[in-house]
$ cat my_file26.cif   # mmCIF, C-alpha atoms and all ligand atoms
data_my_file
loop_
_atom_site.group_PDB
_atom_site.id
_atom_site.type_symbol
_atom_site.label_atom_id
_atom_site.label_comp_id
_atom_site.auth_asym_id
_atom_site.auth_seq_id
_atom_site.Cartn_x
_atom_site.Cartn_y
_atom_site.Cartn_z
ATOM 1 C CA MET A 166 3.464 27.314 -41.320
ATOM 2 C CA THR A 167 6.120 25.125 -42.955
ATOM 3 C CA ARG A 168 5.717 21.398 -42.430
ATOM 4 C CA LEU A 169 8.175 18.649 -43.321
ATOM 5 C CA ARG A 170 6.748 15.792 -45.355
ATOM 6 C CA ILE A 171 8.407 12.400 -44.989
ATOM 7 C CA ALA A 172 7.644 9.362 -47.158
ATOM 8 C CA VAL A 173 7.411 6.133 -45.127
ATOM 9 C CA GLN A 174 6.496 2.605 -46.243
ATOM 10 C CA SER A 175 2.796 1.980 -45.515
ATOM 11 C CA LYS A 176 3.321 -1.611 -44.354
ATOM 12 C CA GLY A 177 6.286 -3.927 -44.089
ATOM 13 C CA ARG A 178 9.656 -4.022 -42.413
ATOM 14 C CA LEU A 179 10.527 -0.404 -43.141
ATOM 15 C CA SER A 180 7.158 0.761 -41.951
ATOM 16 C CA GLU A 181 7.467 -0.778 -38.500
ATOM 17 C CA GLY A 182 11.071 0.276 -37.993
ATOM 18 C CA GLY A 183 10.493 3.720 -39.449
ATOM 19 C CA MET A 184 7.397 4.521 -37.385
ATOM 20 C CA ASP A 185 9.098 3.168 -34.302
ATOM 21 C CA LEU A 186 12.117 5.415 -34.860
ATOM 22 C CA LEU A 187 9.978 8.503 -35.502
ATOM 23 C CA LYS A 188 7.972 7.853 -32.335
ATOM 24 C CA ARG A 189 11.138 7.451 -30.323
ATOM 25 C CA CYS A 190 12.213 10.811 -31.733
ATOM 26 C CA GLY A 191 9.201 12.240 -29.929
ATOM 27 C CA LEU A 192 6.667 12.461 -32.767
ATOM 28 C CA ARG A 193 3.080 11.787 -31.714
ATOM 29 C CA PHE A 194 0.493 10.688 -34.238
ATOM 30 C CA ALA A 195 -3.277 10.546 -33.873
ATOM 31 C CA TYR A 196 -4.716 7.076 -34.419
ATOM 32 C CA GLY A 197 -6.259 5.979 -37.681
ATOM 33 C CA ARG A 198 -8.079 8.537 -39.818
ATOM 34 C CA ASP A 199 -6.174 8.550 -43.090
ATOM 35 C CA LYS A 200 -4.423 5.683 -44.844
ATOM 36 C CA LEU A 201 -2.145 7.888 -46.940
ATOM 37 C CA HIS A 202 -1.377 10.781 -44.607
ATOM 38 C CA GLN A 203 -0.508 11.094 -40.933
ATOM 39 C CA SER A 204 0.238 14.366 -39.203
ATOM 40 C CA ALA A 205 2.337 14.678 -36.078
ATOM 41 C CA GLU A 206 0.421 16.507 -33.362
ATOM 42 C CA ASN A 207 3.447 17.975 -31.643
ATOM 43 C CA MET A 208 5.880 18.823 -34.472
ATOM 44 C CA PRO A 209 5.457 20.280 -37.969
ATOM 45 C CA VAL A 210 5.922 16.857 -39.591
ATOM 46 C CA ASP A 211 3.586 14.943 -41.909
ATOM 47 C CA LEU A 212 4.028 11.397 -43.146
ATOM 48 C CA MET A 213 2.990 10.034 -46.476
ATOM 49 C CA LEU A 214 2.477 6.267 -46.365
ATOM 50 C CA VAL A 215 3.367 4.570 -49.643
ATOM 51 C CA ARG A 216 5.043 1.468 -51.158
ATOM 52 C CA ASP A 217 8.756 1.499 -50.451
ATOM 53 C CA ASP A 218 9.623 1.160 -54.138
ATOM 54 C CA ASP A 219 7.904 4.493 -54.822
ATOM 55 C CA ILE A 220 9.728 6.399 -52.094
ATOM 56 C CA PRO A 221 12.802 7.503 -54.117
ATOM 57 C CA ASN A 222 10.493 8.905 -56.791
ATOM 58 C CA PHE A 223 8.280 10.670 -54.290
ATOM 59 C CA VAL A 224 11.304 12.443 -52.830
ATOM 60 C CA ALA A 225 13.010 13.138 -56.169
ATOM 61 C CA SER A 226 9.849 14.675 -57.595
ATOM 62 C CA GLY A 227 9.267 16.894 -54.569
ATOM 63 C CA ALA A 228 6.004 15.210 -53.526
ATOM 64 C CA CYS A 229 7.834 14.512 -50.222
ATOM 65 C CA ASP A 230 10.845 16.280 -48.711
ATOM 66 C CA TYR A 231 12.542 13.298 -47.074
ATOM 67 C CA GLY A 232 11.980 9.548 -47.184
ATOM 68 C CA ILE A 233 12.832 6.395 -45.252
ATOM 69 C CA VAL A 234 13.847 3.593 -47.581
ATOM 70 C CA GLY A 235 16.214 0.619 -47.879
ATOM 71 C CA GLU A 236 19.547 1.353 -49.545
ATOM 72 C CA ASN A 237 18.773 -1.556 -51.866
ATOM 73 C CA VAL A 238 15.724 0.251 -53.258
ATOM 74 C CA LEU A 239 17.547 3.597 -53.444
ATOM 75 C CA LYS A 240 20.462 2.072 -55.323
ATOM 76 C CA GLU A 241 18.198 0.150 -57.702
ATOM 77 C CA GLU A 242 16.316 3.319 -58.624
ATOM 78 C CA GLN A 243 19.555 5.259 -59.033
ATOM 79 C CA LEU A 244 21.177 2.636 -61.250
ATOM 80 C CA ALA A 245 18.005 2.283 -63.284
ATOM 81 C CA GLY A 246 18.727 5.883 -64.224
ATOM 82 C CA ARG A 247 15.548 7.399 -62.956
ATOM 83 C CA ARG A 248 15.166 10.718 -61.127
ATOM 84 C CA ALA A 249 16.516 9.128 -57.964
ATOM 85 C CA LYS A 250 20.019 9.944 -59.206
ATOM 86 C CA GLU A 251 19.636 13.369 -57.618
ATOM 87 C CA LEU A 252 19.026 11.938 -54.153
ATOM 88 C CA GLU A 253 21.450 11.624 -51.251
ATOM 89 C CA VAL A 254 21.570 9.726 -47.970
ATOM 90 C CA ALA A 255 21.060 12.175 -45.096
ATOM 91 C CA LEU A 256 21.326 9.603 -42.282
ATOM 92 C CA ARG A 257 21.885 5.870 -41.935
ATOM 93 C CA LEU A 258 19.191 4.478 -39.655
ATOM 94 C CA GLY A 259 20.655 1.190 -38.445
ATOM 95 C CA PHE A 260 17.568 -1.029 -38.903
ATOM 96 C CA ALA A 261 16.226 -3.319 -41.688
ATOM 97 C CA THR A 262 19.743 -4.531 -42.283
ATOM 98 C CA CYS A 263 19.978 -7.150 -44.997
ATOM 99 C CA THR A 264 22.291 -8.285 -47.751
ATOM 100 C CA LEU A 265 21.695 -8.690 -51.442
ATOM 101 C CA LYS A 266 23.331 -11.986 -52.386
ATOM 102 C CA LEU A 267 23.827 -14.168 -55.404
ATOM 103 C CA ALA A 268 22.763 -17.742 -54.710
ATOM 104 C CA ALA A 269 22.412 -20.972 -56.662
ATOM 105 C CA PRO A 270 21.278 -24.568 -55.987
ATOM 106 C CA LYS A 271 23.605 -26.274 -53.525
ATOM 107 C CA GLY A 272 25.831 -28.906 -55.065
ATOM 108 C CA GLY A 273 25.112 -27.542 -58.554
ATOM 109 C CA GLU A 274 27.476 -26.240 -61.199
ATOM 110 C CA ILE A 275 27.328 -22.572 -60.149
ATOM 111 C CA THR A 276 29.712 -21.706 -57.325
ATOM 112 C CA SER A 277 31.146 -18.326 -58.374
ATOM 113 C CA ILE A 278 30.154 -15.321 -60.470
ATOM 114 C CA GLN A 279 32.250 -16.548 -63.407
ATOM 115 C CA ASP A 280 29.897 -19.536 -63.653
ATOM 116 C CA LEU A 281 27.018 -17.115 -64.299
ATOM 117 C CA ALA A 282 28.173 -16.142 -67.791
ATOM 118 C CA GLY A 283 25.349 -16.788 -70.264
ATOM 119 C CA LYS A 284 23.016 -17.982 -67.484
ATOM 120 C CA ALA A 285 19.680 -16.521 -66.388
ATOM 121 C CA ILE A 286 19.493 -14.848 -62.971
ATOM 122 C CA ALA A 287 16.170 -14.074 -61.302
ATOM 123 C CA THR A 288 15.996 -10.945 -59.174
ATOM 124 C CA SER A 289 13.864 -8.043 -57.996
ATOM 125 C CA TYR A 290 16.958 -5.851 -58.366
ATOM 126 C CA PRO A 291 17.789 -6.039 -62.081
ATOM 127 C CA ALA A 292 19.803 -2.809 -62.286
ATOM 128 C CA ILE A 293 22.005 -3.584 -59.261
ATOM 129 C CA THR A 294 22.560 -7.182 -60.368
ATOM 130 C CA ASP A 295 23.340 -6.229 -63.947
ATOM 131 C CA ALA A 296 25.759 -3.463 -62.923
ATOM 132 C CA TYR A 297 27.518 -5.734 -60.436
ATOM 133 C CA LEU A 298 28.098 -8.475 -63.013
ATOM 134 C CA ARG A 299 29.082 -6.108 -65.819
ATOM 135 C CA GLU A 300 31.694 -4.449 -63.620
ATOM 136 C CA ARG A 301 33.206 -7.899 -63.243
ATOM 137 C CA GLY A 302 33.025 -8.714 -66.922
ATOM 138 C CA VAL A 303 30.242 -11.303 -66.598
ATOM 139 C CA VAL A 304 27.360 -11.109 -69.081
ATOM 140 C CA SER A 305 24.184 -12.867 -67.926
ATOM 141 C CA GLU A 306 20.505 -12.695 -68.683
ATOM 142 C CA ILE A 307 18.521 -10.899 -65.968
ATOM 143 C CA VAL A 308 14.997 -12.159 -65.292
ATOM 144 C CA GLU A 309 12.996 -9.610 -63.313
ATOM 145 C CA MET A 310 10.656 -11.038 -60.661
ATOM 146 C CA HIS A 311 8.681 -9.220 -57.983
ATOM 147 C CA GLY A 312 8.203 -11.929 -55.391
ATOM 148 C CA SER A 313 9.234 -15.466 -54.410
ATOM 149 C CA VAL A 314 12.495 -15.124 -56.328
ATOM 150 C CA GLU A 315 13.861 -18.116 -54.416
ATOM 151 C CA VAL A 316 11.635 -20.555 -56.308
ATOM 152 C CA ALA A 317 13.026 -19.558 -59.730
ATOM 153 C CA PRO A 318 15.813 -22.199 -59.961
ATOM 154 C CA ARG A 319 13.457 -25.023 -58.985
ATOM 155 C CA LEU A 320 10.982 -23.933 -61.680
ATOM 156 C CA ASN A 321 13.768 -23.610 -64.260
ATOM 157 C CA ILE A 322 13.029 -19.912 -64.644
ATOM 158 C CA ALA A 323 16.662 -19.125 -63.855
ATOM 159 C CA ALA A 324 19.898 -20.878 -62.934
ATOM 160 C CA ALA A 325 20.630 -18.548 -60.029
ATOM 161 C CA ILE A 326 19.047 -15.728 -58.044
ATOM 162 C CA CYS A 327 20.102 -12.392 -56.627
ATOM 163 C CA ASP A 328 17.950 -11.754 -53.580
ATOM 164 C CA LEU A 329 17.802 -10.104 -50.154
ATOM 165 C CA VAL A 330 18.950 -12.291 -47.305
ATOM 166 C CA SER A 331 18.758 -11.595 -43.605
ATOM 167 C CA SER A 332 18.991 -14.890 -41.690
ATOM 168 C CA GLY A 333 19.538 -17.170 -44.700
ATOM 169 C CA ALA A 334 16.640 -19.438 -43.699
ATOM 170 C CA THR A 335 14.733 -18.847 -46.940
ATOM 171 C CA LEU A 336 17.744 -19.807 -49.064
ATOM 172 C CA GLU A 337 18.309 -22.876 -46.911
ATOM 173 C CA ALA A 338 14.665 -23.955 -47.193
ATOM 174 C CA ASN A 339 14.912 -23.774 -50.982
ATOM 175 C CA GLY A 340 18.151 -25.718 -51.271
ATOM 176 C CA LEU A 341 20.109 -22.635 -52.301
ATOM 177 C CA GLY A 342 23.541 -21.503 -51.200
ATOM 178 C CA ALA A 343 24.835 -17.919 -51.381
ATOM 179 C CA PHE A 344 28.236 -17.495 -53.017
ATOM 180 C CA GLU A 345 28.621 -13.726 -53.434
ATOM 181 C CA THR A 346 27.568 -10.562 -51.566
ATOM 182 C CA VAL A 347 26.401 -7.846 -53.935
ATOM 183 C CA LEU A 348 25.235 -5.167 -51.490
ATOM 184 C CA ASN A 349 24.945 -4.591 -47.749
ATOM 185 C CA SER A 350 21.836 -2.585 -47.003
ATOM 186 C CA GLU A 351 20.090 -0.834 -44.137
ATOM 187 C CA ALA A 352 17.288 1.711 -43.873
ATOM 188 C CA VAL A 353 18.397 5.245 -44.743
ATOM 189 C CA MET A 354 16.873 8.722 -44.631
ATOM 190 C CA ILE A 355 17.024 10.199 -48.118
ATOM 191 C CA ARG A 356 16.551 13.720 -49.508
ATOM 192 C CA PRO A 357 17.286 15.622 -52.712
ATOM 193 C CA ALA A 358 20.988 16.469 -52.920
ATOM 194 C CA GLN A 359 20.207 20.042 -53.989
ATOM 195 C CA ASN A 360 17.645 22.827 -53.923
ATOM 196 C CA ARG A 361 16.102 21.995 -50.560
ATOM 197 C CA ASP A 362 13.897 24.363 -48.561
ATOM 198 C CA PRO A 363 16.026 25.662 -45.627
ATOM 199 C CA ALA A 364 12.998 25.924 -43.328
ATOM 200 C CA LYS A 365 12.180 22.245 -43.920
ATOM 201 C CA ASP A 366 15.809 21.256 -43.501
ATOM 202 C CA GLU A 367 15.775 22.909 -40.112
ATOM 203 C CA ILE A 368 12.876 20.704 -38.981
ATOM 204 C CA ALA A 369 14.636 17.684 -40.487
ATOM 205 C CA SER A 370 17.883 18.429 -38.685
ATOM 206 C CA ILE A 371 16.132 18.479 -35.284
ATOM 207 C CA LEU A 372 14.564 15.142 -36.114
ATOM 208 C CA MET A 373 17.815 13.616 -37.373
ATOM 209 C CA ARG A 374 19.751 14.754 -34.324
ATOM 210 C CA ARG A 375 17.193 13.000 -32.157
ATOM 211 C CA ALA A 376 17.318 9.967 -34.442
ATOM 212 C CA GLN A 377 21.094 9.777 -34.047
ATOM 213 C CA GLY A 378 20.572 9.701 -30.293
ATOM 214 C CA VAL A 379 17.947 6.971 -30.573
ATOM 215 C CA ILE A 380 20.137 4.873 -32.879
ATOM 216 C CA ALA A 381 23.202 5.289 -30.689
ATOM 217 C CA SER A 382 21.328 4.485 -27.487
ATOM 218 C CA ALA A 383 19.866 1.308 -28.976
ATOM 219 C CA GLN A 384 23.382 -0.122 -29.148
ATOM 220 C CA THR A 385 24.620 1.520 -25.980
ATOM 221 C CA LYS A 386 24.297 0.193 -22.442
ATOM 222 C CA TYR A 387 24.971 1.596 -19.014
ATOM 223 C CA ILE A 388 26.964 -0.852 -16.936
ATOM 224 C CA MET A 389 27.446 -0.745 -13.161
ATOM 225 C CA MET A 390 29.406 -2.999 -10.824
ATOM 226 C CA ASN A 391 31.462 -3.208 -7.676
ATOM 227 C CA ALA A 392 35.113 -3.753 -8.517
ATOM 228 C CA PRO A 393 38.110 -4.671 -6.349
ATOM 229 C CA VAL A 394 40.515 -1.703 -6.324
ATOM 230 C CA ASP A 395 43.506 -3.873 -7.213
ATOM 231 C CA ARG A 396 41.765 -5.257 -10.342
ATOM 232 C CA LEU A 397 40.399 -1.909 -11.551
ATOM 233 C CA GLU A 398 42.652 -1.529 -14.599
ATOM 234 C CA ALA A 399 42.016 -5.081 -15.813
ATOM 235 C CA ILE A 400 38.276 -4.577 -15.382
ATOM 236 C CA LYS A 401 38.257 -1.250 -17.248
ATOM 237 C CA ALA A 402 40.084 -2.892 -20.136
ATOM 238 C CA LEU A 403 37.253 -5.426 -20.502
ATOM 239 C CA LEU A 404 34.491 -2.843 -20.991
ATOM 240 C CA PRO A 405 33.465 -2.716 -24.673
ATOM 241 C CA GLY A 406 33.667 0.767 -26.205
ATOM 242 C CA ALA A 407 33.568 2.567 -22.856
ATOM 243 C CA GLU A 408 34.780 6.120 -22.423
ATOM 244 C CA ALA A 409 36.422 7.109 -19.091
ATOM 245 C CA PRO A 410 34.281 5.232 -16.550
ATOM 246 C CA THR A 411 33.147 6.812 -13.272
ATOM 247 C CA VAL A 412 34.800 5.354 -10.179
ATOM 248 C CA ALA A 413 33.060 6.095 -6.867
ATOM 249 C CA GLN A 414 33.807 5.233 -3.218
ATOM 250 C CA ILE A 415 31.600 2.741 -1.426
ATOM 251 C CA ALA A 416 30.850 3.781 2.163
ATOM 252 C CA GLY A 417 32.874 1.781 4.672
ATOM 253 C CA ARG A 418 34.938 -0.096 2.053
ATOM 254 C CA ASP A 419 38.455 0.668 0.894
ATOM 255 C CA ASP A 420 39.092 -2.545 -1.063
ATOM 256 C CA VAL A 421 36.106 -2.181 -3.448
ATOM 257 C CA VAL A 422 34.818 0.747 -5.545
ATOM 258 C CA ALA A 423 31.688 1.328 -7.617
ATOM 259 C CA LEU A 424 32.367 1.484 -11.352
ATOM 260 C CA HIS A 425 29.878 3.002 -13.822
ATOM 261 C CA ALA A 426 30.415 3.205 -17.569
ATOM 262 C CA VAL A 427 28.581 3.850 -20.821
ATOM 263 C CA CYS A 428 29.445 1.059 -23.253
ATOM 264 C CA ARG A 429 29.029 2.005 -26.895
ATOM 265 C CA GLU A 430 29.183 -1.555 -28.127
ATOM 266 C CA ARG A 431 27.059 -4.573 -27.370
ATOM 267 C CA VAL A 432 27.653 -6.136 -23.972
ATOM 268 C CA PHE A 433 27.688 -9.927 -24.241
ATOM 269 C CA TRP A 434 27.340 -12.553 -21.510
ATOM 270 C CA GLU A 435 30.982 -13.444 -22.170
ATOM 271 C CA THR A 436 32.011 -9.930 -21.157
ATOM 272 C CA LEU A 437 30.044 -10.166 -17.896
ATOM 273 C CA GLU A 438 31.608 -13.528 -17.123
ATOM 274 C CA ALA A 439 35.077 -12.115 -17.777
ATOM 275 C CA LEU A 440 34.311 -9.177 -15.463
ATOM 276 C CA GLU A 441 33.154 -11.573 -12.785
ATOM 277 C CA ALA A 442 36.329 -13.627 -13.179
ATOM 278 C CA GLU A 443 38.315 -10.450 -12.441
ATOM 279 C CA GLY A 444 36.394 -10.057 -9.172
ATOM 280 C CA ALA A 445 33.612 -7.680 -10.233
ATOM 281 C CA ARG A 446 30.364 -8.214 -8.316
ATOM 282 C CA ALA A 447 26.780 -6.914 -8.438
ATOM 283 C CA ILE A 448 27.097 -6.332 -12.183
ATOM 284 C CA LEU A 449 24.132 -4.517 -13.744
ATOM 285 C CA VAL A 450 23.583 -3.762 -17.435
ATOM 286 C CA LEU A 451 20.928 -1.111 -18.035
ATOM 287 C CA PRO A 452 19.357 0.104 -21.283
ATOM 288 C CA ILE A 453 19.753 3.770 -22.160
ATOM 289 C CA GLU A 454 16.543 5.375 -23.285
ATOM 290 C CA LYS A 455 17.739 8.682 -24.677
ATOM 291 C CA MET A 456 21.141 10.172 -25.301
ATOM 292 C CA LEU A 457 22.552 13.447 -26.597
ATOM 293 C CA ALA A 458 26.231 12.983 -27.227
HETATM 294 P P1 LIG B 1 6.058 -2.926 -50.458
HETATM 295 O O1 LIG B 1 6.783 -2.873 -51.784
HETATM 296 O O2 LIG B 1 4.646 -3.404 -50.569
HETATM 297 O O3 LIG B 1 6.132 -1.638 -49.676
HETATM 298 P P2 LIG B 1 8.076 -4.954 -49.737
HETATM 299 O O4 LIG B 1 7.651 -6.340 -49.984
HETATM 300 O O5 LIG B 1 9.077 -4.344 -50.639
HETATM 301 O O6 LIG B 1 6.772 -4.035 -49.566
HETATM 302 P P3 LIG B 1 9.417 -5.592 -47.191
HETATM 303 O O7 LIG B 1 9.494 -7.043 -47.439
HETATM 304 O O8 LIG B 1 8.861 -5.117 -45.905
HETATM 305 O O9 LIG B 1 8.594 -4.762 -48.261
HETATM 306 O O10 LIG B 1 10.903 -5.053 -47.371
HETATM 307 C C1 LIG B 1 11.184 -3.711 -47.253
HETATM 308 C C2 LIG B 1 12.670 -3.542 -47.090
HETATM 309 O O11 LIG B 1 13.129 -4.150 -45.880
HETATM 310 C C3 LIG B 1 13.562 -4.159 -48.148
HETATM 311 O O12 LIG B 1 13.629 -3.384 -49.323
HETATM 312 C C4 LIG B 1 14.892 -4.208 -47.430
HETATM 313 O O13 LIG B 1 15.524 -2.937 -47.460
HETATM 314 C C5 LIG B 1 14.485 -4.504 -46.000
HETATM 315 N N1 LIG B 1 14.730 -5.924 -45.571
HETATM 316 C C6 LIG B 1 15.356 -6.295 -44.450
HETATM 317 N N2 LIG B 1 15.444 -7.622 -44.318
HETATM 318 C C7 LIG B 1 14.862 -8.154 -45.374
HETATM 319 C C8 LIG B 1 14.628 -9.494 -45.810
HETATM 320 N N3 LIG B 1 15.039 -10.558 -45.117
HETATM 321 N N4 LIG B 1 13.957 -9.665 -46.941
HETATM 322 C C9 LIG B 1 13.516 -8.607 -47.633
HETATM 323 N N5 LIG B 1 13.738 -7.319 -47.272
HETATM 324 C C10 LIG B 1 14.397 -7.070 -46.164
HETATM 325 ZN ZN ZN B 2 8.762 -3.005 -52.109
#

$ encode --input "my_file26.cif" --output "structure tokens"
Amino acid sequence: MTRLRIAVQSKGRLSEGGMDLLKRCGLRFAYGRDKLHQSAENMPVDLMLVRDDDIPNFVASGACDYGIVGENVLKEEQLAGRRAKELEVALRLGFATCTLKLAAPKGGEITSIQDLAGKAIATSYPAITDAYLRERGVVSEIVEMHGSVEVAPRLNIAAAICDLVSSGATLEANGLGAFETVLNSEAVMIRPAQNRDPAKDEIASILMRRAQGVIASAQTKYIMMNAPVDRLEAIKALLPGAEAPTVAQIAGRDDVVALHAVCRERVFWETLEALEAEGARAILVLPIEKMLA
């Protein structure tokens, strides 16, 4: 029988997020056994656990059918002109979000990309960095590093760096300041753009439809409250990304109704406080576990 083979990072940020997503899509894996392969017990899906940098190649060469990888790695492989050029993004996965940024020592002479002309830049993403600067007419020397890029300026290896940033704490700790965003990245599901096996695509489409539901529900909340009838319109207007809410009678009350809504955007404390100020009471925000839109 046909089985779909997906390449997933063996350990690291993409591994945790990727396995978590696949499990939420209903895939069940037996514990342990093999370090390189894992087979789902309840769907025709196998995982191949590898280094994330190898994933575009695994998919482009046909060793795997689909792969979960950061856009940063996909783009680097594509710009480096390897086989990955023939890959496409099948689904954006909404986790492992990070930004590739140019940064230099704070208070130093580099504050914009023009200042990088003729300077050395340390990065794990040489192709992306080079292409970005060239497109803007800046010619710099790219120094390829595969770890601890943030120490390069202090060691005089480079004048600036181009590195992944999520919170910015690492830059801060190394006295660096970011001055330019090169790429916004998140985890994506990739596949060859052409010549795919239709039977495998069918398995993949079931999985991706579930994944879309999981991704959407992670950001979506179910909100319930009692609302005074005369403030109903004002209260509805406060609900973030809600489609037509349900309004229900409360037994024995004609001044207050029950209001239920699915909010497709994050619900902040500020929103709840604003609802309360409009007279809403007994406000509940509930997570949504699964969703088929
Ligand atoms: P390996 O190459 O051994 O598989 P790695 O060191 O490349 O591991 P991680 O550090 O887990 O692996 O990063 C994997 C991906 O996670 C990155 O390519 C990027 O897409 C994403 N990511 C999200 N936030 C960050 C961050 N703050 N720093 C680095 N990567 C991040
Ligand atoms: Zn890697």

$ residues_around --input "my_file26.cif" --residues "Gln377 (chain A)" --least-positions-apart "3" --cutoff "9 Å" --atoms "all atoms listed in the file" --output "ChimeraX atom specification"
/A:256-258,372-374,380-382,456-457

$ write_last_selection --input "my_file26.cif" --atoms "C-alpha atoms" --output "PDB file, in the coordinates of the input"
ATOM      1  CA  LEU A 256      21.326   9.603 -42.282  1.00  0.00           C
ATOM      2  CA  ARG A 257      21.885   5.870 -41.935  1.00  0.00           C
ATOM      3  CA  LEU A 258      19.191   4.478 -39.655  1.00  0.00           C
ATOM      4  CA  LEU A 372      14.564  15.142 -36.114  1.00  0.00           C
ATOM      5  CA  MET A 373      17.815  13.616 -37.373  1.00  0.00           C
ATOM      6  CA  ARG A 374      19.751  14.754 -34.324  1.00  0.00           C
ATOM      7  CA  ILE A 380      20.137   4.873 -32.879  1.00  0.00           C
ATOM      8  CA  ALA A 381      23.202   5.289 -30.689  1.00  0.00           C
ATOM      9  CA  SER A 382      21.328   4.485 -27.487  1.00  0.00           C
ATOM     10  CA  MET A 456      21.141  10.172 -25.301  1.00  0.00           C
ATOM     11  CA  LEU A 457      22.552  13.447 -26.597  1.00  0.00           C
TER      12      LEU A 457
END

$ atom_distance --input "my_file26.cif" --atom1 "CA of Thr385 (chain A)" --atom2 "CA of Leu449 (chain A)"
13.7 Å

$ resolve_selection --input "my_file26.cif" --expression "the PyMOL selection byres (((chain A and resi 399) around 12) and not hetatm)" --output "PDB file with C-alpha atoms, in the coordinates of the input"
ATOM      1  CA  ALA A 392      35.113  -3.753  -8.517  1.00  0.00           C
ATOM      2  CA  PRO A 393      38.110  -4.671  -6.349  1.00  0.00           C
ATOM      3  CA  VAL A 394      40.515  -1.703  -6.324  1.00  0.00           C
ATOM      4  CA  ASP A 395      43.506  -3.873  -7.213  1.00  0.00           C
ATOM      5  CA  ARG A 396      41.765  -5.257 -10.342  1.00  0.00           C
ATOM      6  CA  LEU A 397      40.399  -1.909 -11.551  1.00  0.00           C
ATOM      7  CA  GLU A 398      42.652  -1.529 -14.599  1.00  0.00           C
ATOM      8  CA  ILE A 400      38.276  -4.577 -15.382  1.00  0.00           C
ATOM      9  CA  LYS A 401      38.257  -1.250 -17.248  1.00  0.00           C
ATOM     10  CA  ALA A 402      40.084  -2.892 -20.136  1.00  0.00           C
ATOM     11  CA  LEU A 403      37.253  -5.426 -20.502  1.00  0.00           C
ATOM     12  CA  LEU A 404      34.491  -2.843 -20.991  1.00  0.00           C
ATOM     13  CA  ALA A 439      35.077 -12.115 -17.777  1.00  0.00           C
ATOM     14  CA  LEU A 440      34.311  -9.177 -15.463  1.00  0.00           C
ATOM     15  CA  GLU A 441      33.154 -11.573 -12.785  1.00  0.00           C
ATOM     16  CA  ALA A 442      36.329 -13.627 -13.179  1.00  0.00           C
ATOM     17  CA  GLU A 443      38.315 -10.450 -12.441  1.00  0.00           C
ATOM     18  CA  GLY A 444      36.394 -10.057  -9.172  1.00  0.00           C
ATOM     19  CA  ALA A 445      33.612  -7.680 -10.233  1.00  0.00           C
TER      20      ALA A 445
END

$ residues_near_ligand --input "my_file26.cif" --ligand "ligand LIG 1 (chain B)" --cutoff "7 Å" --atoms "only C-alpha atoms and all ligand atoms" --output "PyMOL selection string"
chain A and resi 174-179+215-218+234-238+261-263+329-332+350-352

$ write_last_selection --input "my_file26.cif" --atoms "C-alpha atoms" --output "PDB file, keeping the file's coordinate frame"
ATOM      1  CA  GLN A 174       6.496   2.605 -46.243  1.00  0.00           C
ATOM      2  CA  SER A 175       2.796   1.980 -45.515  1.00  0.00           C
ATOM      3  CA  LYS A 176       3.321  -1.611 -44.354  1.00  0.00           C
ATOM      4  CA  GLY A 177       6.286  -3.927 -44.089  1.00  0.00           C
ATOM      5  CA  ARG A 178       9.656  -4.022 -42.413  1.00  0.00           C
ATOM      6  CA  LEU A 179      10.527  -0.404 -43.141  1.00  0.00           C
ATOM      7  CA  VAL A 215       3.367   4.570 -49.643  1.00  0.00           C
ATOM      8  CA  ARG A 216       5.043   1.468 -51.158  1.00  0.00           C
ATOM      9  CA  ASP A 217       8.756   1.499 -50.451  1.00  0.00           C
ATOM     10  CA  ASP A 218       9.623   1.160 -54.138  1.00  0.00           C
ATOM     11  CA  VAL A 234      13.847   3.593 -47.581  1.00  0.00           C
ATOM     12  CA  GLY A 235      16.214   0.619 -47.879  1.00  0.00           C
ATOM     13  CA  GLU A 236      19.547   1.353 -49.545  1.00  0.00           C
ATOM     14  CA  ASN A 237      18.773  -1.556 -51.866  1.00  0.00           C
ATOM     15  CA  VAL A 238      15.724   0.251 -53.258  1.00  0.00           C
ATOM     16  CA  ALA A 261      16.226  -3.319 -41.688  1.00  0.00           C
ATOM     17  CA  THR A 262      19.743  -4.531 -42.283  1.00  0.00           C
ATOM     18  CA  CYS A 263      19.978  -7.150 -44.997  1.00  0.00           C
ATOM     19  CA  LEU A 329      17.802 -10.104 -50.154  1.00  0.00           C
ATOM     20  CA  VAL A 330      18.950 -12.291 -47.305  1.00  0.00           C
ATOM     21  CA  SER A 331      18.758 -11.595 -43.605  1.00  0.00           C
ATOM     22  CA  SER A 332      18.991 -14.890 -41.690  1.00  0.00           C
ATOM     23  CA  SER A 350      21.836  -2.585 -47.003  1.00  0.00           C
ATOM     24  CA  GLU A 351      20.090  -0.834 -44.137  1.00  0.00           C
ATOM     25  CA  ALA A 352      17.288   1.711 -43.873  1.00  0.00           C
TER      26      ALA A 352
END

$ resolve_selection --input "my_file26.cif" --expression "the PyMOL selection byres (((chain A and resi 203) around 8) and not hetatm)" --output "ChimeraX atom specification"
/A:194-195,199-202,204-205,211-214

$ atom_distance --input "my_file26.cif" --atom1 "CA of Lys271 (chain A)" --atom2 "CA of Ile307 (chain A)"
20.4 Å

$ resolve_selection --input "my_file26.cif" --expression "the PyMOL selection byres (((chain A and resi 410-423) around 7) and not hetatm)" --output "PyMOL selection string"
chain A and resi 390-394+407-409+424-426

$ axis_aligned_box --input "my_file26.cif" --around "region 364-371 of chain A" --padding-each-side "8 Å" --output "AutoDock Vina command-line options"
--center_x 15.0 --center_y 21.8 --center_z -39.6 --size_x 21.7 --size_y 24.2 --size_z 24.6

$ atom_distance --input "my_file26.cif" --atom1 "CA of Arg429 (chain A)" --atom2 "CA of Leu348 (chain A)"
25.9 Å

$ residues_near_point --input "my_file26.cif" --point "(18.5, -19.9, -60.5)" --cutoff "7 Å" --atoms "only C-alpha atoms" --output "PyMOL selection string"
chain A and resi 269+285-287+317-318+322-326
